[in-house]
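Trainee: Submitted below is the structure of interest, expressed as structure tokens.
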Amino acid sequence: MKKIHHAEASSYFIEAKDNEAFHDQRLWDLRQKRDREAAVIPEFQELRNLASQIKEHTLTHLAEYLEQFEAKAQANGVTVHWALDAAEHNRIVYDLLTDHSVRTLVKSKSMLTEECELRPFLERRGIEVIETDLGERIQQLDNEPPSHIVVPAVHKLRGDVAKVFARTLDTDPDNDDPNYLSEQMRVKTRHFFVDAEAGMTGGNFAVAETGGVVVCTNEGNADLSANVPPLFIASVGIEKLVPRLDDLAVFIRLLSRSALGSPITQYTSHFRAPRKSGEMHIILVDNGRSERLGMEEFWYSLKCIRCGACMNTCPVYRRSGGLSYGAVYSGPIGIILNPTHDMRKYSSLPFASTLNGSCTHVCPVKINIHEQIYGWRRVLAKHNQLPFVKKAAMKVAGKILSDPQKYRKTIDVADAAIEHLPRFLLYSRMNAWGRQREVPAPPDQTFHAWYLKNREGKQ
Amino acid sequence: MKAALFVPCFIDAFFPEVGIATLELLERLGVAVDYPLRQTCCGQPMANSGDQADAAAVEALFVENFKGYEYIVTPSGSCTHHVRDNFDAIPQTQEVQEVRSNTYELVEFLHDTLKVEDFPWAEFPHKVGIHNSCSSLRGLRHASMSELAEPEFSKPKALLSKVKGISFAELSRPDECCGFGGTFAVFEEPVSAKMGYDKVNDFKEAGAEYVVSADSSCMMHQQGCSERLGLGLKFIHIAQILNGANS
Ligand code: SF4
């Protein structure tokens, strides 16, 4: 697999000045709305604690809750499938679709199906897949992955969308009025709902006590995907379980407040049983989750409810855009999830962070995101996955900084300072510092030299 | 009271005046200050790169230099955060643990330990914008975090408020990271510079004459950005203002 180079990819997004500025401001607005929502709920921090505890409890008793969920769902008349990995998941979906002679599938947004690369898998086999979430559909039409887990096309300006629609939906390329564009989308998508032979959703939560899957959307598209076609499939990651319906209340109160700064999503849909003369299937997907659950330092990442708050607050993500992470999951949560799938490919991601820690403090389930990013750096170093320049620079720096005499020699030569210091203090090519920033002027003497002259001799 | 002064490598090399101000300020406040001469660095650059192997000898040397002191004071939030929260490339002996818990960042040492009530020698008739580094803000809890919707507090502002003539500029994004991030500044140069530009523009728009911080490393980056953009902002370490610098 080709390695991702986040820094390089980020520069393309930053060069698209208008997109970058809009993206940064739009997501910052979401973060601020989230702050306002959090501020008016006195027990907001208490909710975060509870949510974290419920998730930790569930994850440490996962096998039992999964079995309970399966039994309940089956009793409700749902067929439950287990998929060990993406390949098995996709095969199960494909077999279900072919068994029912399905040619067209409507689906609502699901990061899990992105993770499994279901859409290209089905398309290659002649099944048409229609994304029904507006942002996700834009990304599908533009042949791009989602750049954000909640607002998939947030890196695009409305002019960009107008171009995509003109190219693919035959709309007016010069009309970038959002009302026009969404109306066009509605008109040109509706008939898919009516004609589709199968519908698919992900699942925000799966409730063990009821065997039901809960999907939260703002467009109601999950309900159409689930309720209109005769065959309904929900794919759910095994970490999405919560024990009881009561527990759900905690998460529902946190999810949309954290994600978009709105009190609740427009639709919170509970799917428990097939509708009359229809079929309902739930696929419980592992795809690396069990393995992650066994990682002492990193299993907490399974608490994630995919709200995107960590992305909205992340100053690096806001400037670099989701696509620069070259992965299904971007932003802080992507940095800690992706290396569990492929350490080598995503080895640059844990360095796409200033370790500022804002993510950790907005996360509704209190994942210690920035500490995990730090932890991944250690794991990468141990597995020799640091870039060569960085590793070499650290070796030299470590040698000098652990030897007071060498250290003095290196920095006491004032003339040489500006030539050597940034290199050795910043551990990389001078030009990376100086390209867009001035280099500090070297002082006449170091603190050490000043001290020797002014204090040491005089005591 | 006796304390050891740790002057981190980049302050030693680039900002000796910050080390001098810290030393003088502590002395004015009646602290007997030792400066162990064989000190270099706390190991943070290596450790933040994940490179524990190369951090180990540097951390060991730090302990060698500072063991036995009840107070180890440094004008750097990020170094303090490293020593206190991440300094584990070497075995955690009693001695190492003591050095870790005895290390204080200057602002918290003045605010929490010495509980300094005023700085009669200090006057700074300028509008300043405070930059809390992320290590100081979220690592050391210098100030309230906007993420937590908690009651507002700020230790650096509480100290600076005791300086005659000073006034404060309010940023539109006070807690936003400036994009320095250690080696991030060079390995992720495009994002780092963009974040730096946004930060210094925020200070400029807020009407700040000076940016003041407990972390020189963030300011080195911001100053580099401000100078490139020609914004004319000035940068000063909090130790210098509290020690009576007047411009
Ligand atoms: S890591 Fe936390 S903040 Fe980020 S998407 Fe997951 S739940 Fe939301």
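Labeling convention for the structure tokens: chains A, B, ... as they appear, residues from 1 per chain, ligands from 1 in order of appearance.
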Would you mind writing down, as a count of residues only, each residue of region 68-194 of chain B that DSSP on the backbone assigns to strand (DSSP E)?
Mentor: 13
Trainee: Sort by chain and increasing residue number a table of all residues of chain A within 9 Å of ligand 1, each with its closest pair of atoms and their distance in Å to one decimal, counting only C-alpha atoms and all ligand atoms, and write it as a tab-separated table.
Mentor:
residue	atom	partner	partner_atom_place_in_ligand_line	distance
A:Ile149	CA	ligand 1	5 (S)	7.7
A:Val150	CA	ligand 1	5 (S)	8.9
A:Leu255	CA	ligand 1	8 (Fe)	7.9
A:Ser258	CA	ligand 1	8 (Fe)	7.2
A:Ala259	CA	ligand 1	8 (Fe)	7.2
A:Ser301	CA	ligand 1	1 (S)	6.7
A:Leu302	CA	ligand 1	6 (Fe)	8.4
A:Lys303	CA	ligand 1	7 (S)	6.8
A:Cys304	CA	ligand 1	6 (Fe)	3.7
A:Ile305	CA	ligand 1	7 (S)	4.3
A:Arg306	CA	ligand 1	5 (S)	3.8
A:Cys307	CA	ligand 1	8 (Fe)	3.9
A:Gly308	CA	ligand 1	5 (S)	3.9
A:Ala309	CA	ligand 1	3 (S)	4.3
A:Cys310	CA	ligand 1	3 (S)	4.0
A:Met311	CA	ligand 1	4 (Fe)	6.5
A:Asn312	CA	ligand 1	3 (S)	8.7
A:Thr313	CA	ligand 1	3 (S)	8.9
A:Gly331	CA	ligand 1	4 (Fe)	8.1
A:Pro332	CA	ligand 1	4 (Fe)	6.7
A:Ile333	CA	ligand 1	1 (S)	4.8
A:Gly334	CA	ligand 1	1 (S)	8.4
A:Ile336	CA	ligand 1	1 (S)	8.8
A:Cys359	CA	ligand 1	3 (S)	6.3
A:Thr360	CA	ligand 1	3 (S)	7.2
A:His361	CA	ligand 1	3 (S)	8.4
A:Val362	CA	ligand 1	3 (S)	6.0
A:Cys363	CA	ligand 1	3 (S)	3.6
A:Pro364	CA	ligand 1	7 (S)	5.6
A:Val365	CA	ligand 1	7 (S)	5.6
A:Lys366	CA	ligand 1	2 (Fe)	6.6
A:Ile367	CA	ligand 1	2 (Fe)	5.9
A:Asn368	CA	ligand 1	1 (S)	8.5
A:Ile369	CA	ligand 1	1 (S)	6.7
Trainee: Output N, CA, C and O atoms of each residue in that selection to a file, as a compact mmCIF listing (two decimals), in the first residue's frame.
Mentor:
# COMPACT_ATOMS: atom_id res chain seq x y z
N ILE A 149 -16.92 12.93 8.67
CA ILE A 149 -17.82 11.82 8.93
C ILE A 149 -19.27 12.26 9.14
O ILE A 149 -20.18 11.45 9.07
N VAL A 150 -19.50 13.53 9.38
CA VAL A 150 -20.88 14.01 9.55
C VAL A 150 -21.32 14.89 8.38
O VAL A 150 -22.45 14.81 7.92
N LEU A 255 -24.97 13.38 21.16
CA LEU A 255 -24.52 13.21 19.77
C LEU A 255 -24.63 14.47 18.93
O LEU A 255 -23.63 14.99 18.42
N SER A 258 -22.78 17.62 20.19
CA SER A 258 -21.34 17.58 19.94
C SER A 258 -21.02 17.75 18.46
O SER A 258 -20.06 18.41 18.09
N ALA A 259 -21.87 17.15 17.63
CA ALA A 259 -21.58 17.12 16.20
C ALA A 259 -21.84 18.47 15.53
O ALA A 259 -20.98 19.02 14.86
N SER A 301 -10.46 3.88 21.82
CA SER A 301 -10.94 4.50 20.59
C SER A 301 -12.25 3.85 20.13
O SER A 301 -12.99 4.43 19.36
N LEU A 302 -12.53 2.65 20.63
CA LEU A 302 -13.79 1.98 20.25
C LEU A 302 -15.01 2.64 20.87
O LEU A 302 -16.14 2.34 20.50
N LYS A 303 -14.80 3.55 21.81
CA LYS A 303 -15.94 4.25 22.41
C LYS A 303 -16.57 5.24 21.43
O LYS A 303 -17.67 5.74 21.64
N CYS A 304 -15.84 5.56 20.37
CA CYS A 304 -16.25 6.62 19.45
C CYS A 304 -17.68 6.47 18.93
O CYS A 304 -18.08 5.39 18.49
N ILE A 305 -18.44 7.57 19.00
CA ILE A 305 -19.80 7.54 18.44
C ILE A 305 -19.86 8.31 17.11
O ILE A 305 -20.94 8.66 16.64
N ARG A 306 -18.71 8.61 16.54
CA ARG A 306 -18.64 9.23 15.20
C ARG A 306 -19.42 10.54 15.11
O ARG A 306 -20.19 10.74 14.18
N CYS A 307 -19.19 11.40 16.09
CA CYS A 307 -19.91 12.67 16.08
C CYS A 307 -19.16 13.73 15.28
O CYS A 307 -19.73 14.73 14.86
N GLY A 308 -17.86 13.56 15.11
CA GLY A 308 -17.08 14.53 14.35
C GLY A 308 -16.66 15.76 15.12
O GLY A 308 -16.01 16.65 14.56
N ALA A 309 -16.97 15.83 16.41
CA ALA A 309 -16.59 17.02 17.18
C ALA A 309 -15.08 17.22 17.20
O ALA A 309 -14.59 18.35 17.16
N CYS A 310 -14.35 16.11 17.26
CA CYS A 310 -12.89 16.23 17.31
C CYS A 310 -12.36 16.80 16.00
O CYS A 310 -11.33 17.48 15.98
N MET A 311 -13.05 16.53 14.90
CA MET A 311 -12.62 17.07 13.62
C MET A 311 -12.92 18.56 13.56
O MET A 311 -12.09 19.37 13.13
N ASN A 312 -14.13 18.93 14.01
CA ASN A 312 -14.52 20.34 13.95
C ASN A 312 -13.57 21.22 14.76
O ASN A 312 -13.28 22.35 14.38
N THR A 313 -13.10 20.69 15.88
CA THR A 313 -12.25 21.52 16.72
C THR A 313 -10.80 21.47 16.30
O THR A 313 -10.01 22.34 16.66
N GLY A 331 -9.10 13.51 10.40
CA GLY A 331 -9.06 14.26 11.64
C GLY A 331 -8.51 13.43 12.79
O GLY A 331 -7.97 12.34 12.58
N PRO A 332 -8.66 13.93 14.00
CA PRO A 332 -8.07 13.25 15.16
C PRO A 332 -8.51 11.80 15.30
O PRO A 332 -7.68 10.91 15.55
N ILE A 333 -9.80 11.53 15.11
CA ILE A 333 -10.24 10.14 15.26
C ILE A 333 -9.62 9.27 14.17
O ILE A 333 -9.24 8.12 14.40
N GLY A 334 -9.45 9.84 12.97
CA GLY A 334 -8.81 9.09 11.89
C GLY A 334 -7.35 8.76 12.21
O GLY A 334 -6.86 7.68 11.90
N ILE A 336 -6.07 8.10 15.00
CA ILE A 336 -5.88 6.96 15.91
C ILE A 336 -6.55 5.67 15.42
O ILE A 336 -6.20 4.60 15.87
N CYS A 359 -9.21 18.15 20.94
CA CYS A 359 -10.07 17.02 20.58
C CYS A 359 -10.51 16.24 21.81
O CYS A 359 -11.69 15.92 21.98
N THR A 360 -9.55 15.93 22.66
CA THR A 360 -9.85 15.13 23.85
C THR A 360 -10.93 15.78 24.71
O THR A 360 -11.77 15.10 25.28
N HIS A 361 -10.90 17.12 24.75
CA HIS A 361 -11.80 17.82 25.65
C HIS A 361 -13.17 18.12 25.05
O HIS A 361 -14.06 18.55 25.78
N VAL A 362 -13.34 17.91 23.76
CA VAL A 362 -14.69 18.01 23.20
C VAL A 362 -15.32 16.63 23.01
O VAL A 362 -16.53 16.53 22.84
N CYS A 363 -14.53 15.60 23.03
CA CYS A 363 -15.05 14.26 22.73
C CYS A 363 -16.14 13.87 23.74
O CYS A 363 -15.90 13.83 24.93
N PRO A 364 -17.35 13.58 23.24
CA PRO A 364 -18.47 13.30 24.15
C PRO A 364 -18.30 12.01 24.95
O PRO A 364 -18.95 11.83 25.96
N VAL A 365 -17.43 11.12 24.47
CA VAL A 365 -17.23 9.88 25.22
C VAL A 365 -15.84 9.85 25.85
O VAL A 365 -15.34 8.80 26.27
N LYS A 366 -15.22 11.02 25.92
CA LYS A 366 -13.96 11.20 26.64
C LYS A 366 -12.85 10.25 26.19
O LYS A 366 -12.16 9.65 27.03
N ILE A 367 -12.69 10.11 24.90
CA ILE A 367 -11.53 9.36 24.41
C ILE A 367 -10.31 10.26 24.57
O ILE A 367 -10.37 11.44 24.21
N ASN A 368 -9.23 9.72 25.10
CA ASN A 368 -8.00 10.51 25.29
C ASN A 368 -7.26 10.61 23.96
O ASN A 368 -6.13 10.13 23.82
N ILE A 369 -7.90 11.27 23.00
CA ILE A 369 -7.42 11.23 21.62
C ILE A 369 -5.96 11.67 21.49
O ILE A 369 -5.14 10.98 20.90
Trainee: Run DSSP on the backbone and give me the residues of region 90-203 of chain B it puts in alpha helix (DSSP H), as a short mmCIF file (atom, residue, chain, number, x, y, z; two decimals) with N, CA, C and O atoms, in the first residue's frame.
Mentor:
data_model
loop_
_atom_site.label_atom_id
_atom_site.label_comp_id
_atom_site.auth_asym_id
_atom_site.auth_seq_id
_atom_site.Cartn_x
_atom_site.Cartn_y
_atom_site.Cartn_z
N GLN B 94 12.40 6.33 42.35
CA GLN B 94 11.95 7.34 43.30
C GLN B 94 12.51 8.71 42.91
O GLN B 94 11.80 9.71 42.87
N GLU B 95 13.79 8.71 42.59
CA GLU B 95 14.49 9.95 42.24
C GLU B 95 13.86 10.61 41.01
O GLU B 95 13.60 11.81 41.00
N VAL B 96 13.60 9.80 40.00
CA VAL B 96 13.00 10.32 38.77
C VAL B 96 11.61 10.89 39.07
O VAL B 96 11.26 11.99 38.63
N GLN B 97 10.84 10.14 39.84
CA GLN B 97 9.49 10.61 40.16
C GLN B 97 9.52 11.92 40.91
O GLN B 97 8.68 12.80 40.69
N GLU B 98 10.50 12.07 41.81
CA GLU B 98 10.60 13.32 42.56
C GLU B 98 10.94 14.49 41.65
O GLU B 98 10.35 15.56 41.75
N VAL B 99 11.90 14.27 40.77
CA VAL B 99 12.26 15.34 39.84
C VAL B 99 11.03 15.74 39.02
O VAL B 99 10.76 16.93 38.81
N ARG B 100 10.27 14.74 38.59
CA ARG B 100 9.09 15.04 37.77
C ARG B 100 8.07 15.87 38.54
O ARG B 100 7.55 16.86 38.03
N SER B 101 7.79 15.45 39.77
CA SER B 101 6.73 16.19 40.48
C SER B 101 7.24 17.50 41.08
O SER B 101 6.45 18.37 41.44
N LEU B 106 7.03 28.50 35.41
CA LEU B 106 7.16 29.77 36.14
C LEU B 106 5.82 30.37 36.59
O LEU B 106 5.67 30.78 37.74
N VAL B 107 4.85 30.44 35.66
CA VAL B 107 3.58 31.09 36.00
C VAL B 107 2.90 30.38 37.17
O VAL B 107 2.45 31.01 38.13
N GLU B 108 2.84 29.07 37.11
CA GLU B 108 2.17 28.36 38.21
C GLU B 108 2.98 28.45 39.48
O GLU B 108 2.43 28.50 40.58
N CYS B 134 -0.64 25.31 24.12
CA CYS B 134 -1.56 24.20 24.40
C CYS B 134 -1.08 23.38 25.59
O CYS B 134 -1.89 22.88 26.36
N LYS B 155 -4.35 32.06 35.06
CA LYS B 155 -3.22 32.39 35.94
C LYS B 155 -2.30 33.45 35.33
O LYS B 155 -1.92 34.39 36.02
N PRO B 156 -1.96 33.33 34.05
CA PRO B 156 -1.10 34.39 33.49
C PRO B 156 -1.79 35.75 33.54
O PRO B 156 -1.15 36.76 33.84
N LYS B 157 -3.10 35.78 33.28
CA LYS B 157 -3.79 37.07 33.29
C LYS B 157 -3.87 37.61 34.72
O LYS B 157 -3.72 38.82 34.94
N ALA B 158 -4.07 36.71 35.68
CA ALA B 158 -4.12 37.15 37.07
C ALA B 158 -2.79 37.80 37.46
O ALA B 158 -2.77 38.83 38.13
N LEU B 159 -1.69 37.22 37.02
CA LEU B 159 -0.38 37.80 37.35
C LEU B 159 -0.17 39.12 36.62
O LEU B 159 0.25 40.12 37.21
N LEU B 160 -0.48 39.11 35.32
CA LEU B 160 -0.24 40.33 34.53
C LEU B 160 -1.13 41.48 35.00
O LEU B 160 -0.75 42.65 34.87
N PHE B 184 6.51 19.52 14.39
CA PHE B 184 5.37 19.78 13.51
C PHE B 184 5.63 21.02 12.66
O PHE B 184 5.26 21.07 11.48
N ALA B 185 6.28 22.02 13.26
CA ALA B 185 6.53 23.28 12.58
C ALA B 185 7.29 23.09 11.27
O ALA B 185 7.11 23.85 10.32
N VAL B 186 8.14 22.08 11.22
CA VAL B 186 8.88 21.86 9.98
C VAL B 186 8.37 20.66 9.17
O VAL B 186 8.33 20.71 7.94
N PHE B 187 7.91 19.62 9.86
CA PHE B 187 7.45 18.45 9.10
C PHE B 187 6.05 18.65 8.52
O PHE B 187 5.67 17.97 7.58
N GLU B 189 4.94 21.80 7.55
CA GLU B 189 5.12 23.23 7.34
C GLU B 189 3.89 23.95 6.78
O GLU B 189 3.52 25.02 7.27
N PRO B 190 3.19 23.41 5.77
CA PRO B 190 2.08 24.18 5.21
C PRO B 190 0.99 24.49 6.24
O PRO B 190 0.54 25.64 6.35
N VAL B 191 0.58 23.49 7.00
CA VAL B 191 -0.48 23.71 8.00
C VAL B 191 0.06 24.58 9.14
O VAL B 191 -0.62 25.49 9.62
N SER B 192 1.27 24.29 9.55
CA SER B 192 1.86 25.05 10.66
C SER B 192 1.90 26.54 10.34
O SER B 192 1.49 27.38 11.16
N ALA B 193 2.37 26.87 9.15
CA ALA B 193 2.47 28.29 8.79
C ALA B 193 1.07 28.91 8.68
O ALA B 193 0.84 30.03 9.13
N LYS B 194 0.12 28.16 8.11
CA LYS B 194 -1.24 28.70 7.98
C LYS B 194 -1.84 28.98 9.36
O LYS B 194 -2.47 30.02 9.59
N MET B 195 -1.66 28.07 10.27
CA MET B 195 -2.17 28.26 11.63
C MET B 195 -1.49 29.46 12.28
O MET B 195 -2.12 30.26 12.98
N GLY B 196 -0.18 29.58 12.04
CA GLY B 196 0.55 30.71 12.61
C GLY B 196 0.05 32.03 12.06
O GLY B 196 -0.16 33.00 12.80
N TYR B 197 -0.18 32.07 10.74
CA TYR B 197 -0.69 33.30 10.12
C TYR B 197 -2.05 33.67 10.71
O TYR B 197 -2.32 34.82 11.03
N ASP B 198 -2.92 32.67 10.83
CA ASP B 198 -4.25 32.94 11.39
C ASP B 198 -4.14 33.47 12.82
O ASP B 198 -4.88 34.37 13.22
N LYS B 199 -3.22 32.90 13.56
CA LYS B 199 -3.07 33.30 14.97
C LYS B 199 -2.59 34.76 15.05
O LYS B 199 -3.17 35.56 15.79
N VAL B 200 -1.53 35.08 14.34
CA VAL B 200 -1.00 36.45 14.47
C VAL B 200 -1.98 37.48 13.89
O VAL B 200 -2.08 38.59 14.41
N ASN B 201 -2.72 37.08 12.88
CA ASN B 201 -3.75 38.00 12.37
C ASN B 201 -4.83 38.24 13.42
O ASN B 201 -5.36 39.35 13.53
N ASP B 202 -5.15 37.21 14.18
CA ASP B 202 -6.14 37.37 15.25
C ASP B 202 -5.62 38.36 16.29
O ASP B 202 -6.36 39.25 16.74
N PHE B 203 -4.35 38.25 16.66
CA PHE B 203 -3.77 39.21 17.61
C PHE B 203 -3.81 40.63 17.05
O PHE B 203 -4.15 41.59 17.74
#
Trainee: Which residues, written as a ChimeraX atom specification, have at least one atom at most 10 Å from Ser11 (chain A), with only C-alpha atoms counted and residues fewer than 3 positions away on the same chain left out?
Mentor: /A:6-8,14-16,319-321,324 /B:188-191,194
Trainee: Separation of CA of His81 (chain A) and CA of Met280 (chain A), in Å?
Mentor: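 Going from CA of His81 (chain A) over to CA of Met280 (chain A) covers 11.0 Å.
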Trainee: Which residue out of B:Phe180, B:Trp121, B:Phe87, B:Phe235 has the minimum interatomic distance to chain A when only C-alpha atoms are used?
Mentor: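 Using only C-alpha atoms, chain A sits closest to B:Phe180.
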Trainee: Show me, as a list in words, the residues that have an atom within 9 Å of Ile20 (chain B) when counting only C-alpha atoms, minus same-chain residues fewer than 4 positions from it.
Mentor: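 Once the nearby chain positions are removed, what remains is Phe447, Trp450 and Tyr451 of chain A; Pro16, Glu24, Leu25 and Gln240 of chain B.
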Trainee: For CA of Thr80 (chain B) and CA of Gln92 (chain B), quote the distance in Å rounded to one decimal.
Mentor: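 So the answer is 16.9 Å.
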Trainee: What does the structure give for the distance between CA of Gln223 (chain B) and CA of Cys178 (chain B), in Å to one decimal?
Mentor: 11.0 Å
Trainee: So, counting only C-alpha atoms, which residue among A:Glu296, A:Asp35, A:Phe13, A:Phe205 is closest to chain B?
Mentor: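 Smallest distance to chain B is found for A:Asp35.
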Trainee: When distances are computed from only C-alpha atoms, which of A:Ser52, A:Thr446, A:Gln25, A:Gln372 shows the smallest separation from chain B?
Mentor: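 For chain B, the nearest of the given residues is A:Thr446.
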Trainee: Hey, what's within 10 Å of Val212 (chain B) if we count only C-alpha atoms and toss same-chain stuff fewer than 6 positions away? As a count of residues only, please?
Mentor: 16
Trainee: Hey, what's within 7 Å of region 439-441 of chain A if we count only C-alpha atoms and toss same-chain stuff fewer than 4 positions away? As a list in words, please?
Mentor: Gly434 of chain A; Met220 and Gly224 of chain B
Trainee: Can those selected residues be exported to a file as a tab-separated table (two decimals), in the first residue's frame so that it contains all heavy atoms?
Mentor:
chain	number	residue	atom	x	y	z
A	434	GLY	N	11.90	28.41	7.09
A	434	GLY	CA	12.03	29.74	6.51
A	434	GLY	C	11.14	30.04	5.32
A	434	GLY	O	11.04	31.18	4.90
B	220	MET	N	8.39	32.08	19.03
B	220	MET	CA	9.40	32.09	17.97
B	220	MET	C	8.71	31.86	16.62
B	220	MET	O	9.01	32.53	15.63
B	220	MET	CB	10.43	31.00	18.25
B	220	MET	CG	11.47	30.84	17.17
B	220	MET	SD	12.86	29.83	17.71
B	220	MET	CE	12.14	28.20	17.76
B	224	GLY	N	8.04	34.68	13.69
B	224	GLY	CA	8.47	34.41	12.32
B	224	GLY	C	7.35	34.68	11.33
B	224	GLY	O	7.57	35.24	10.25
